file structure_15.tsv (TSV, C-alpha atoms)
chain	number	residue	atom	x	y	z
A	66	MET	CA	0.00	0.00	0.00
A	67	TYR	CA	2.90	2.37	0.74
A	68	ILE	CA	4.37	1.75	-2.71
A	69	ILE	CA	1.01	2.32	-4.40
A	70	GLY	CA	-0.29	5.12	-2.17
A	71	PHE	CA	2.58	7.60	-2.51
A	72	PRO	CA	2.63	7.95	-6.33
A	73	LEU	CA	-1.16	7.65	-6.44
A	74	LEU	CA	-1.34	10.64	-4.10
A	75	LEU	CA	1.45	12.99	-5.21
A	76	GLY	CA	1.52	12.08	-8.90
A	77	PRO	CA	-1.96	13.39	-9.77
A	78	LEU	CA	-1.81	16.30	-7.30
A	79	VAL	CA	1.47	17.70	-8.62
A	80	THR	CA	0.43	17.04	-12.23
A	81	LEU	CA	-2.85	18.92	-11.71
A	82	HIS	CA	-0.90	21.71	-10.01
A	83	GLU	CA	1.25	22.05	-13.13
A	84	LEU	CA	-1.83	21.76	-15.33
A	85	GLY	CA	-3.18	24.87	-13.58
A	86	HIS	CA	-0.04	26.76	-14.64
A	87	TYR	CA	-0.32	25.38	-18.17
A	88	LEU	CA	-4.01	26.21	-18.74
A	89	VAL	CA	-3.73	29.82	-17.57
A	90	GLY	CA	-0.47	30.26	-19.48
A	91	ARG	CA	-2.06	28.93	-22.64
A	92	PHE	CA	-5.07	31.25	-22.10
A	93	PHE	CA	-2.68	34.23	-22.03
A	94	GLY	CA	-0.76	33.08	-25.11
A	95	VAL	CA	2.36	31.86	-23.29
A	96	LYS	CA	3.87	28.88	-25.11
A	97	ALA	CA	4.61	25.68	-23.22
A	98	GLU	CA	7.61	23.79	-24.57
A	99	ALA	CA	7.08	20.67	-22.43
A	100	PHE	CA	4.57	19.15	-20.05
A	101	SER	CA	5.86	16.12	-18.19
A	102	VAL	CA	3.97	13.66	-16.03
A	103	GLY	CA	6.77	12.50	-13.78
A	104	PHE	CA	10.45	13.42	-13.70
A	105	GLY	CA	13.63	12.08	-15.23
A	106	ARG	CA	14.05	10.15	-18.47
A	107	GLU	CA	11.20	10.32	-20.96
A	108	LEU	CA	9.45	6.98	-21.45
A	109	ALA	CA	6.87	8.03	-24.03
A	110	GLY	CA	5.47	11.21	-25.48
A	111	TYR	CA	4.30	13.23	-28.43
A	112	THR	CA	4.44	16.82	-29.66
A	113	ASP	CA	1.13	18.58	-30.29
A	114	LYS	CA	0.38	21.15	-33.01
A	115	ARG	CA	1.30	24.02	-30.65
A	116	GLY	CA	4.79	22.61	-30.22
A	117	THR	CA	4.29	21.35	-26.66
A	118	ARG	CA	6.01	18.07	-25.88
A	119	TRP	CA	3.71	15.93	-23.72
A	120	LYS	CA	5.65	13.16	-22.07
A	121	LEU	CA	5.53	10.43	-19.49
A	122	SER	CA	8.74	10.27	-17.47
A	123	ALA	CA	10.38	7.55	-15.41
A	124	LEU	CA	9.83	8.88	-11.86
A	125	PRO	CA	6.03	9.13	-11.31
A	126	LEU	CA	6.13	11.50	-8.33
A	127	GLY	CA	4.75	14.67	-9.89
A	128	GLY	CA	5.49	16.59	-13.05
A	129	TYR	CA	6.34	19.98	-14.48
A	130	VAL	CA	5.49	22.43	-17.23
A	131	GLN	CA	8.29	24.28	-19.01
A	132	PHE	CA	7.22	27.55	-20.58
A	133	LYS	CA	9.07	29.25	-23.38
A	134	GLY	CA	11.95	31.23	-21.89
A	135	ASP	CA	12.33	29.04	-18.79
A	136	MET	CA	15.95	28.13	-18.24
A	137	ASP	CA	15.29	25.77	-15.32
A	138	PRO	CA	12.42	23.89	-13.59
A	139	ALA	CA	12.02	26.64	-10.95
A	140	SER	CA	11.44	29.27	-13.69
A	141	ILE	CA	14.21	31.45	-12.24
A	142	PRO	CA	14.61	34.43	-14.58
A	143	ASP	CA	17.90	35.12	-16.35
A	144	LYS	CA	17.88	38.93	-16.51
A	145	GLU	CA	20.60	39.12	-19.15
A	146	ALA	CA	18.93	36.57	-21.45
A	147	ILE	CA	15.56	38.31	-21.03
A	148	ALA	CA	17.02	41.70	-21.96
A	149	LYS	CA	18.85	40.35	-25.03
A	150	ALA	CA	15.95	38.27	-26.36
A	151	SER	CA	15.02	38.82	-30.01
A	152	PRO	CA	11.43	39.67	-31.06
A	153	GLU	CA	10.95	36.04	-32.08
A	154	GLU	CA	12.19	34.83	-28.70
A	155	ARG	CA	9.94	37.31	-26.90
A	156	ASP	CA	6.82	36.06	-28.68
A	157	GLY	CA	5.02	33.68	-26.32
A	158	SER	CA	7.82	33.87	-23.71
A	159	PHE	CA	6.71	33.60	-20.09
A	160	HIS	CA	9.22	36.16	-18.83
A	161	HIS	CA	8.11	38.71	-21.44
A	162	ALA	CA	4.42	38.43	-20.56
A	163	ALA	CA	2.76	41.29	-18.69
A	164	LEU	CA	3.38	41.29	-14.95
A	165	TRP	CA	-0.22	40.58	-14.01
A	166	LYS	CA	-0.34	37.69	-16.47
A	167	ARG	CA	2.79	36.13	-14.99
A	168	ALA	CA	1.32	36.51	-11.50
A	169	LEU	CA	-1.92	34.76	-12.50
A	170	ILE	CA	-0.02	31.96	-14.25
A	171	VAL	CA	2.08	31.37	-11.13
A	172	PHE	CA	-0.92	31.55	-8.80
A	173	ALA	CA	-2.89	29.09	-10.95
A	174	GLY	CA	-0.88	26.12	-9.65
A	175	PRO	CA	-1.72	26.55	-5.95
A	176	ALA	CA	-5.22	27.66	-6.97
A	177	MET	CA	-5.72	24.29	-8.69
A	178	ASN	CA	-4.75	22.48	-5.47
A	179	ILE	CA	-7.18	24.65	-3.51
A	180	LEU	CA	-9.97	23.88	-5.98
A	181	ILE	CA	-9.26	20.14	-5.70
A	182	ALA	CA	-9.62	20.28	-1.91
A	183	LEU	CA	-12.78	22.40	-2.14
A	184	ALA	CA	-14.31	20.01	-4.69
A	185	ILE	CA	-13.59	16.96	-2.48
A	186	PHE	CA	-14.97	18.56	0.69
A	187	ALA	CA	-18.03	19.91	-1.15
A	188	SER	CA	-18.70	16.45	-2.60
A	189	PHE	CA	-18.59	14.88	0.86
A	190	PHE	CA	-20.99	17.48	2.28
A	191	ALA	CA	-23.34	17.07	-0.69
A	192	LEU	CA	-23.34	13.27	-0.37
A	193	TYR	CA	-23.49	12.89	3.41
A	194	GLY	CA	-24.77	16.23	4.66
A	195	LYS	CA	-23.35	18.46	7.38
A	196	PRO	CA	-22.96	17.38	11.01
A	197	VAL	CA	-25.45	19.09	13.31
A	198	PRO	CA	-26.22	18.56	17.01
A	199	ALA	CA	-29.14	16.22	17.70
A	200	ASP	CA	-30.46	18.87	20.10
A	201	PRO	CA	-29.18	22.33	19.05
A	202	SER	CA	-30.17	23.90	22.38
A	203	GLU	CA	-27.84	21.51	24.22
A	204	THR	CA	-24.86	21.62	21.86
A	205	ASN	CA	-22.59	23.54	24.25
A	206	VAL	CA	-23.89	21.91	27.44
A	207	ILE	CA	-21.66	19.38	29.23
A	208	GLN	CA	-23.52	16.06	29.26
A	209	SER	CA	-20.75	13.90	30.74
A	210	PHE	CA	-17.02	13.69	31.40
A	211	ALA	CA	-14.27	11.38	30.23
A	212	GLU	CA	-12.66	9.09	32.79
A	213	GLN	CA	-9.76	11.53	33.11
A	214	SER	CA	-11.12	15.03	32.45
A	215	ALA	CA	-9.17	18.28	32.72
A	216	ALA	CA	-12.47	20.20	32.76
A	217	GLN	CA	-13.91	18.18	35.64
A	218	ALA	CA	-10.68	18.48	37.61
A	219	ALA	CA	-10.85	22.27	37.17
A	220	GLY	CA	-14.35	22.42	38.67
A	221	LEU	CA	-16.77	22.21	35.74
A	222	GLU	CA	-19.92	20.16	36.28
A	223	GLU	CA	-22.44	18.25	34.21
A	224	GLY	CA	-25.14	20.62	32.97
A	225	ASP	CA	-22.78	23.60	32.69
A	226	ARG	CA	-23.37	25.59	29.52
A	227	ILE	CA	-20.09	26.82	28.03
A	228	THR	CA	-20.68	30.33	26.66
A	229	ALA	CA	-17.17	31.61	25.95
A	230	ILE	CA	-13.48	30.66	25.93
A	231	ASP	CA	-10.99	33.45	26.58
A	232	GLY	CA	-13.75	35.95	25.80
A	233	ASP	CA	-14.66	34.44	22.44
A	234	PRO	CA	-18.29	33.24	22.28
A	235	VAL	CA	-19.07	29.53	22.02
A	236	ARG	CA	-22.14	28.79	19.92
A	237	GLN	CA	-21.66	25.08	19.27
A	238	PHE	CA	-19.56	22.19	20.50
A	239	GLN	CA	-17.25	22.42	17.46
A	240	ASP	CA	-16.16	25.87	18.67
A	241	ILE	CA	-14.84	24.24	21.84
A	242	GLN	CA	-12.93	21.58	19.90
A	243	ASP	CA	-11.40	24.22	17.62
A	244	ARG	CA	-10.11	26.22	20.60
A	245	VAL	CA	-8.66	23.19	22.39
A	246	LEU	CA	-7.28	20.65	19.91
A	247	MET	CA	-4.11	22.52	18.89
A	248	PHE	CA	-3.27	23.95	22.34
A	249	PRO	CA	-2.30	21.13	24.74
A	250	GLY	CA	-1.06	22.42	28.07
A	251	LYS	CA	-2.49	25.92	27.63
A	252	THR	CA	-4.61	27.46	30.39
A	253	ILE	CA	-7.87	28.99	29.16
A	254	GLU	CA	-10.66	30.95	30.82
A	255	MET	CA	-14.00	29.19	30.34
A	256	ALA	CA	-17.19	31.19	30.90
A	257	VAL	CA	-20.11	28.95	31.89
A	258	GLU	CA	-23.72	29.30	32.97
A	259	ARG	CA	-24.69	27.18	35.97
A	260	GLU	CA	-28.18	27.31	37.47
A	261	GLY	CA	-28.67	30.90	36.35
A	262	ARG	CA	-25.23	32.06	37.50
A	263	SER	CA	-22.32	33.13	35.28
A	264	LEU	CA	-18.93	31.73	36.24
A	265	THR	CA	-15.44	31.99	34.82
A	266	ILE	CA	-13.25	28.96	35.49
A	267	PRO	CA	-9.58	28.60	34.49
A	268	VAL	CA	-8.88	25.21	32.87
A	269	THR	CA	-5.53	23.80	31.79
A	270	ILE	CA	-6.04	21.79	28.62
A	271	ALA	CA	-4.82	18.22	28.99
A	272	ASP	CA	-1.71	17.36	26.98
A	273	SER	CA	-2.70	14.07	25.35
A	274	VAL	CA	-0.65	11.82	23.09
A	275	GLU	CA	-3.02	9.66	21.06
A	276	THR	CA	-2.10	6.70	18.88
A	277	ASP	CA	-4.13	5.50	15.90
A	278	ARG	CA	-4.61	1.96	14.61
A	279	PHE	CA	-1.35	2.17	12.64
A	280	GLY	CA	0.77	3.27	15.59
A	281	ASN	CA	1.00	6.94	14.55
A	282	SER	CA	1.11	9.24	17.56
A	283	SER	CA	-0.19	12.81	17.68
A	284	ARG	CA	-0.11	15.38	20.46
A	285	VAL	CA	-3.47	17.06	20.96
A	286	GLY	CA	-5.35	19.06	23.56
A	287	ARG	CA	-8.36	17.56	25.35
A	288	LEU	CA	-10.85	18.83	27.96
A	289	GLY	CA	-12.50	15.46	28.50
A	290	ILE	CA	-16.11	16.60	28.06
A	291	TYR	CA	-18.97	15.23	26.01
A	292	SER	CA	-21.99	16.97	24.59
A	293	GLY	CA	-25.12	15.54	22.96
A	294	GLY	CA	-25.16	13.32	19.89
A	295	MET	CA	-24.74	14.43	16.28
A	296	ASP	CA	-26.91	13.98	13.20
A	297	PHE	CA	-26.26	14.66	9.52
A	298	GLN	CA	-28.47	17.19	7.78
A	299	PRO	CA	-28.77	17.11	3.96
A	300	VAL	CA	-27.51	20.25	2.21
A	301	GLY	CA	-27.67	21.63	-1.32
A	302	ILE	CA	-24.76	22.31	-3.65
A	303	VAL	CA	-24.43	25.97	-2.64
A	304	GLU	CA	-24.35	25.17	1.08
A	305	ALA	CA	-21.94	22.28	0.46
A	306	ALA	CA	-19.61	24.67	-1.37
A	307	ARG	CA	-19.80	27.16	1.51
A	308	LEU	CA	-19.07	24.45	4.06
A	309	SER	CA	-16.09	23.27	2.01
A	310	VAL	CA	-14.61	26.77	2.21
A	311	VAL	CA	-15.14	26.86	5.99
A	312	GLN	CA	-13.54	23.41	6.32
A	313	SER	CA	-10.54	24.45	4.23
A	314	VAL	CA	-10.02	27.70	6.14
A	315	ASN	CA	-10.11	25.83	9.45
A	316	MET	CA	-7.53	23.32	8.21
A	317	VAL	CA	-5.20	26.06	6.97
A	318	ASP	CA	-5.58	27.80	10.33
A	319	MET	CA	-4.47	24.57	12.03
A	320	MET	CA	-1.45	24.36	9.70
A	321	VAL	CA	-0.42	27.93	10.52
A	322	THR	CA	-0.91	27.34	14.24
A	323	GLY	CA	1.18	24.17	14.12
A	324	ILE	CA	4.05	25.89	12.31
A	325	LYS	CA	4.00	28.80	14.77
A	326	GLN	CA	4.13	26.39	17.69
A	327	ILE	CA	7.12	24.54	16.20
A	328	ILE	CA	8.96	27.84	15.58
A	329	VAL	CA	8.46	29.09	19.15
A	330	GLY	CA	9.19	25.67	20.66
A	331	ASP	CA	5.71	24.71	21.86
A	332	ARG	CA	5.85	21.64	19.63
A	333	SER	CA	8.71	19.35	18.69
A	334	VAL	CA	10.19	19.43	15.20
A	335	GLN	CA	9.65	15.67	15.25
A	336	GLU	CA	6.01	16.42	14.44
A	337	LEU	CA	7.09	17.59	10.99
A	338	GLY	CA	6.59	15.11	8.17
A	339	GLY	CA	8.29	14.77	4.80
A	340	PRO	CA	8.02	12.44	1.81
A	341	VAL	CA	8.46	9.26	3.85
A	342	THR	CA	5.72	10.23	6.31
A	343	ILE	CA	3.40	11.28	3.49
A	344	GLY	CA	4.00	7.96	1.74
A	345	LYS	CA	3.35	6.04	4.96
A	346	TYR	CA	0.10	7.90	5.66
A	347	ALA	CA	-1.00	7.60	2.03
A	348	GLY	CA	-0.62	3.83	2.16
A	349	GLU	CA	-2.45	3.62	5.48
A	350	GLN	CA	-5.36	5.74	4.28
A	351	LEU	CA	-5.56	3.74	1.06
A	352	SER	CA	-5.82	0.53	3.09
A	353	MET	CA	-8.87	2.01	4.86
A	354	GLY	CA	-10.76	2.47	1.60
A	355	PRO	CA	-11.30	5.05	-1.14
A	356	LEU	CA	-13.19	7.60	1.00
A	357	ALA	CA	-10.43	7.81	3.60
A	358	PHE	CA	-7.82	8.10	0.86
A	359	ILE	CA	-9.76	10.82	-1.01
A	360	ASN	CA	-10.13	12.79	2.22
A	361	PHE	CA	-6.36	12.52	2.71
A	362	VAL	CA	-5.86	13.72	-0.87
A	363	ALA	CA	-7.81	16.88	0.00
A	364	LEU	CA	-5.64	17.48	3.08
A	365	ILE	CA	-2.37	17.06	1.15
A	366	SER	CA	-3.68	19.20	-1.72
A	367	LEU	CA	-4.28	22.04	0.75
A	368	ASN	CA	-0.81	21.47	2.18
A	369	LEU	CA	0.74	21.72	-1.29
A	370	ALA	CA	-1.09	24.98	-1.96
A	371	PHE	CA	-0.09	26.39	1.43
A	372	ILE	CA	3.59	25.44	1.07
A	373	ASN	CA	3.81	26.69	-2.51
A	374	LEU	CA	2.35	30.06	-1.52
A	375	LEU	CA	4.99	30.68	1.16
A	376	PRO	CA	7.10	33.71	0.10
A	377	ILE	CA	10.24	31.65	-0.44
A	378	PRO	CA	12.16	32.30	-3.69
A	379	ALA	CA	11.95	29.34	-6.12
A	380	LEU	CA	8.45	28.49	-4.83
A	381	ASP	CA	5.31	29.98	-6.39
A	382	GLY	CA	4.93	32.30	-3.40
A	383	GLY	CA	8.47	33.56	-3.92
A	384	HIS	CA	7.72	34.44	-7.55
A	385	LEU	CA	4.56	36.25	-6.44
A	386	ALA	CA	6.54	38.19	-3.82
A	387	PHE	CA	8.99	39.32	-6.52
A	388	TYR	CA	6.10	40.34	-8.77
A	389	ALA	CA	4.55	42.32	-5.91
A	390	ALA	CA	7.87	44.11	-5.34
A	391	GLU	CA	8.11	44.80	-9.07
A	392	ALA	CA	4.59	46.23	-9.10
A	393	ILE	CA	5.37	48.52	-6.15
A	394	ARG	CA	8.76	49.66	-7.49
A	395	ARG	CA	7.45	49.79	-11.09
A	396	LYS	CA	10.58	47.97	-12.19
A	397	PRO	CA	12.10	44.53	-11.55
A	398	LEU	CA	14.58	43.95	-8.78
A	399	GLY	CA	18.24	44.08	-9.80
A	400	PRO	CA	19.79	40.95	-11.32
A	401	ARG	CA	22.26	40.52	-8.48
A	402	SER	CA	19.65	40.68	-5.71
A	403	THR	CA	17.34	38.41	-7.70
A	404	GLU	CA	20.06	35.80	-8.19
A	405	VAL	CA	21.09	35.85	-4.52
A	406	ALA	CA	17.48	35.58	-3.35
A	407	TYR	CA	16.68	32.66	-5.65
A	408	ARG	CA	19.87	30.80	-4.75
A	409	ALA	CA	19.09	31.27	-1.06
A	410	GLY	CA	15.51	30.11	-1.64
A	411	VAL	CA	16.62	26.95	-3.44
A	412	ALA	CA	19.15	26.23	-0.68
A	413	LEU	CA	16.48	26.73	1.99
A	414	VAL	CA	14.00	24.41	0.26
A	415	LEU	CA	16.66	21.72	-0.22
A	416	ALA	CA	17.79	22.05	3.40
A	417	LEU	CA	14.22	21.71	4.66
A	418	MET	CA	13.66	18.66	2.46
A	419	ILE	CA	16.81	16.99	3.79
A	420	PHE	CA	15.88	17.92	7.37
A	421	VAL	CA	12.32	16.53	7.27
A	422	THR	CA	13.47	13.43	5.38
A	423	PHE	CA	16.05	12.79	8.11
A	424	ILE	CA	13.29	13.14	10.73
A	425	ASP	CA	11.08	10.76	8.70
A	426	ILE	CA	13.78	8.10	8.54
A	427	ALA	CA	14.71	8.49	12.21
A	428	LYS	CA	11.07	7.87	13.20
A	429	LEU	CA	10.86	4.55	11.35
A	430	PRO	CA	10.41	1.55	13.69
A	431	MET	CA	13.58	-0.11	12.36
A	432	PHE	CA	15.61	2.73	13.89
A	433	GLY	CA	13.90	2.48	17.28
A	434	ASN	CA	11.52	5.41	16.61
call {"tool": "encode", "arguments": {"input": "structure_15.tsv", "output": "structure tokens"}}
result
Amino acid sequence: MYIIGFPLLLGPLVTLHELGHYLVGRFFGVKAEAFSVGFGRELAGYTDKRGTRWKLSALPLGGYVQFKGDMDPASIPDKEAIAKASPEERDGSFHHAALWKRALIVFAGPAMNILIALAIFASFFALYGKPVPADPSETNVIQSFAEQSAAQAAGLEEGDRITAIDGDPVRQFQDIQDRVLMFPGKTIEMAVEREGRSLTIPVTIADSVETDRFGNSSRVGRLGIYSGGMDFQPVGIVEAARLSVVQSVNMVDMMVTGIKQIIVGDRSVQELGGPVTIGKYAGEQLSMGPLAFINFVALISLNLAFINLLPIPALDGGHLAFYAAEAIRRKPLGPRSTEVAYRAGVALVLALMIFVTFIDIAKLPMFGN
């Protein structure tokens, strides 16, 4: 499953990412010299009437599109070559397209990954409906406690209605989960209503390490409280689309929170995952069936969009940052500063890849976890 899951996950996602670049580039008249499914040596291919070489390559872990004027896979501009280009070379060249066109072409890749995630989430909501409390009036009322409950230890009681956490209103049980899950060990102020009285009780979120059926551990925050049951309410296409946006925003917020916590030391860098971890999870989700795997595809697609939009030179977000600077200055950055920034960006990306891969390998059971 690991061998099948990894290329089945990343291959289509990266290829569709590149297809987003290609389609918008073609719309704006930028010529694509090659579109490869996979990397490395070409196994098969053909050249279409527009001169684009479509090919299947040996390493099926993604793909790339090479526009006219690109000197390398990262589309790093060569200022001297751009300036000396002949009229024929300028025609259909990516680097000679208008600034706003280049920005849209670059953004189209991450946008495609975002659309994939939205489409998957919207499909799930349309098919199964949205989760709603069985009794909406009791959704934020504590019905019972877990065997070891941080909330109960802090003084909360059954029947308490949670109205706010750290001053932010609580309207449904999901609001409580969202404020707790990513913050193990944090002390929060919980406002509750008890028998007509309003109380504020400090609660330290339990720091829980939970292990799934495959032995994967995750560190999460828990209060140890239960509310009423949940039902699924059918929704239309428009509502399903809206819910998919909410779901995606919440997931991105969790990604940002996790990265912040790693940077400031609230979480261990061992919680980072690279290609090995992605491959492991992909195989595990695939073994659980197509729905679990498709849901995982949506999560990784959002991750790809998020990572690619980081303002790191050589990533899509880095290109967009340079275009923003060019728009503000009304002229491109100097060739020297551009070269240094891109070289530093490539070095940073490679260093991060090596770092997370080392963490992945060190966590494998054969090395004692």
call {"tool": "closest_residue", "arguments": {"input": "structure_15.tsv", "among": "A:Pro198, A:Ala412, A:Leu398, A:Gly232", "to": "Ile266 in chain A", "atoms": "all atoms listed in the file"}}
result
A:Gly232
call {"tool": "closest_residue", "arguments": {"input": "structure_15.tsv", "among": "A:Ile290, A:Ala390, A:Val310, A:Ala184", "to": "Arg226 in chain A", "atoms": "all atoms listed in the file"}}
result
A:Ile290
call {"tool": "residues_around", "arguments": {"input": "structure_15.tsv", "residues": "Gln242 in chain A", "least_positions_apart": "2", "cutoff": "12 Å", "atoms": "all atoms listed in the file", "output": "VMD selection string"}}
result
chain A and resid 205 230 235 to 240 244 to 249 270 285 to 292 315 319
call {"tool": "write_last_selection", "arguments": {"input": "structure_15.tsv", "atoms": "C-alpha atoms", "output": "tab-separated table (two decimals), in the coordinates of the input"}}
result
chain	number	residue	atom	x	y	z
A	205	ASN	CA	-22.59	23.54	24.25
A	230	ILE	CA	-13.48	30.66	25.93
A	235	VAL	CA	-19.07	29.53	22.02
A	236	ARG	CA	-22.14	28.79	19.92
A	237	GLN	CA	-21.66	25.08	19.27
A	238	PHE	CA	-19.56	22.19	20.50
A	239	GLN	CA	-17.25	22.42	17.46
A	240	ASP	CA	-16.16	25.87	18.67
A	244	ARG	CA	-10.11	26.22	20.60
A	245	VAL	CA	-8.66	23.19	22.39
A	246	LEU	CA	-7.28	20.65	19.91
A	247	MET	CA	-4.11	22.52	18.89
A	248	PHE	CA	-3.27	23.95	22.34
A	249	PRO	CA	-2.30	21.13	24.74
A	270	ILE	CA	-6.04	21.79	28.62
A	285	VAL	CA	-3.47	17.06	20.96
A	286	GLY	CA	-5.35	19.06	23.56
A	287	ARG	CA	-8.36	17.56	25.35
A	288	LEU	CA	-10.85	18.83	27.96
A	289	GLY	CA	-12.50	15.46	28.50
A	290	ILE	CA	-16.11	16.60	28.06
A	291	TYR	CA	-18.97	15.23	26.01
A	292	SER	CA	-21.99	16.97	24.59
A	315	ASN	CA	-10.11	25.83	9.45
A	319	MET	CA	-4.47	24.57	12.03
call {"tool": "axis_aligned_box", "arguments": {"input": "structure_15.tsv", "around": "range 382-389 of chain A", "padding_each_side": "4 Å", "output": "AutoDock Vina command-line options"}}
result
--center_x 6.8 --center_y 37.3 --center_z -6.1 --size_x 12.4 --size_y 18.0 --size_z 13.4
call {"tool": "closest_residue", "arguments": {"input": "structure_15.tsv", "among": "A:Phe132, A:Pro175, A:Ile181, A:Ile424", "to": "Glu154 in chain A", "atoms": "only C-alpha atoms"}}
result
A:Phe132
call {"tool": "atom_distance", "arguments": {"input": "structure_15.tsv", "atom1": "CA of Ala191 in chain A", "atom2": "CA of Met177 in chain A"}}
result
20.7 Å
call {"tool": "closest_residue", "arguments": {"input": "structure_15.tsv", "among": "A:Leu385, A:Ile426, A:Leu380, A:Val95", "to": "Arg408 in chain A", "atoms": "only C-alpha atoms"}}
result
A:Leu380
call {"tool": "atom_distance", "arguments": {"input": "structure_15.tsv", "atom1": "CA of Thr322 in chain A", "atom2": "CA of Phe172 in chain A"}}
result
23.4 Å
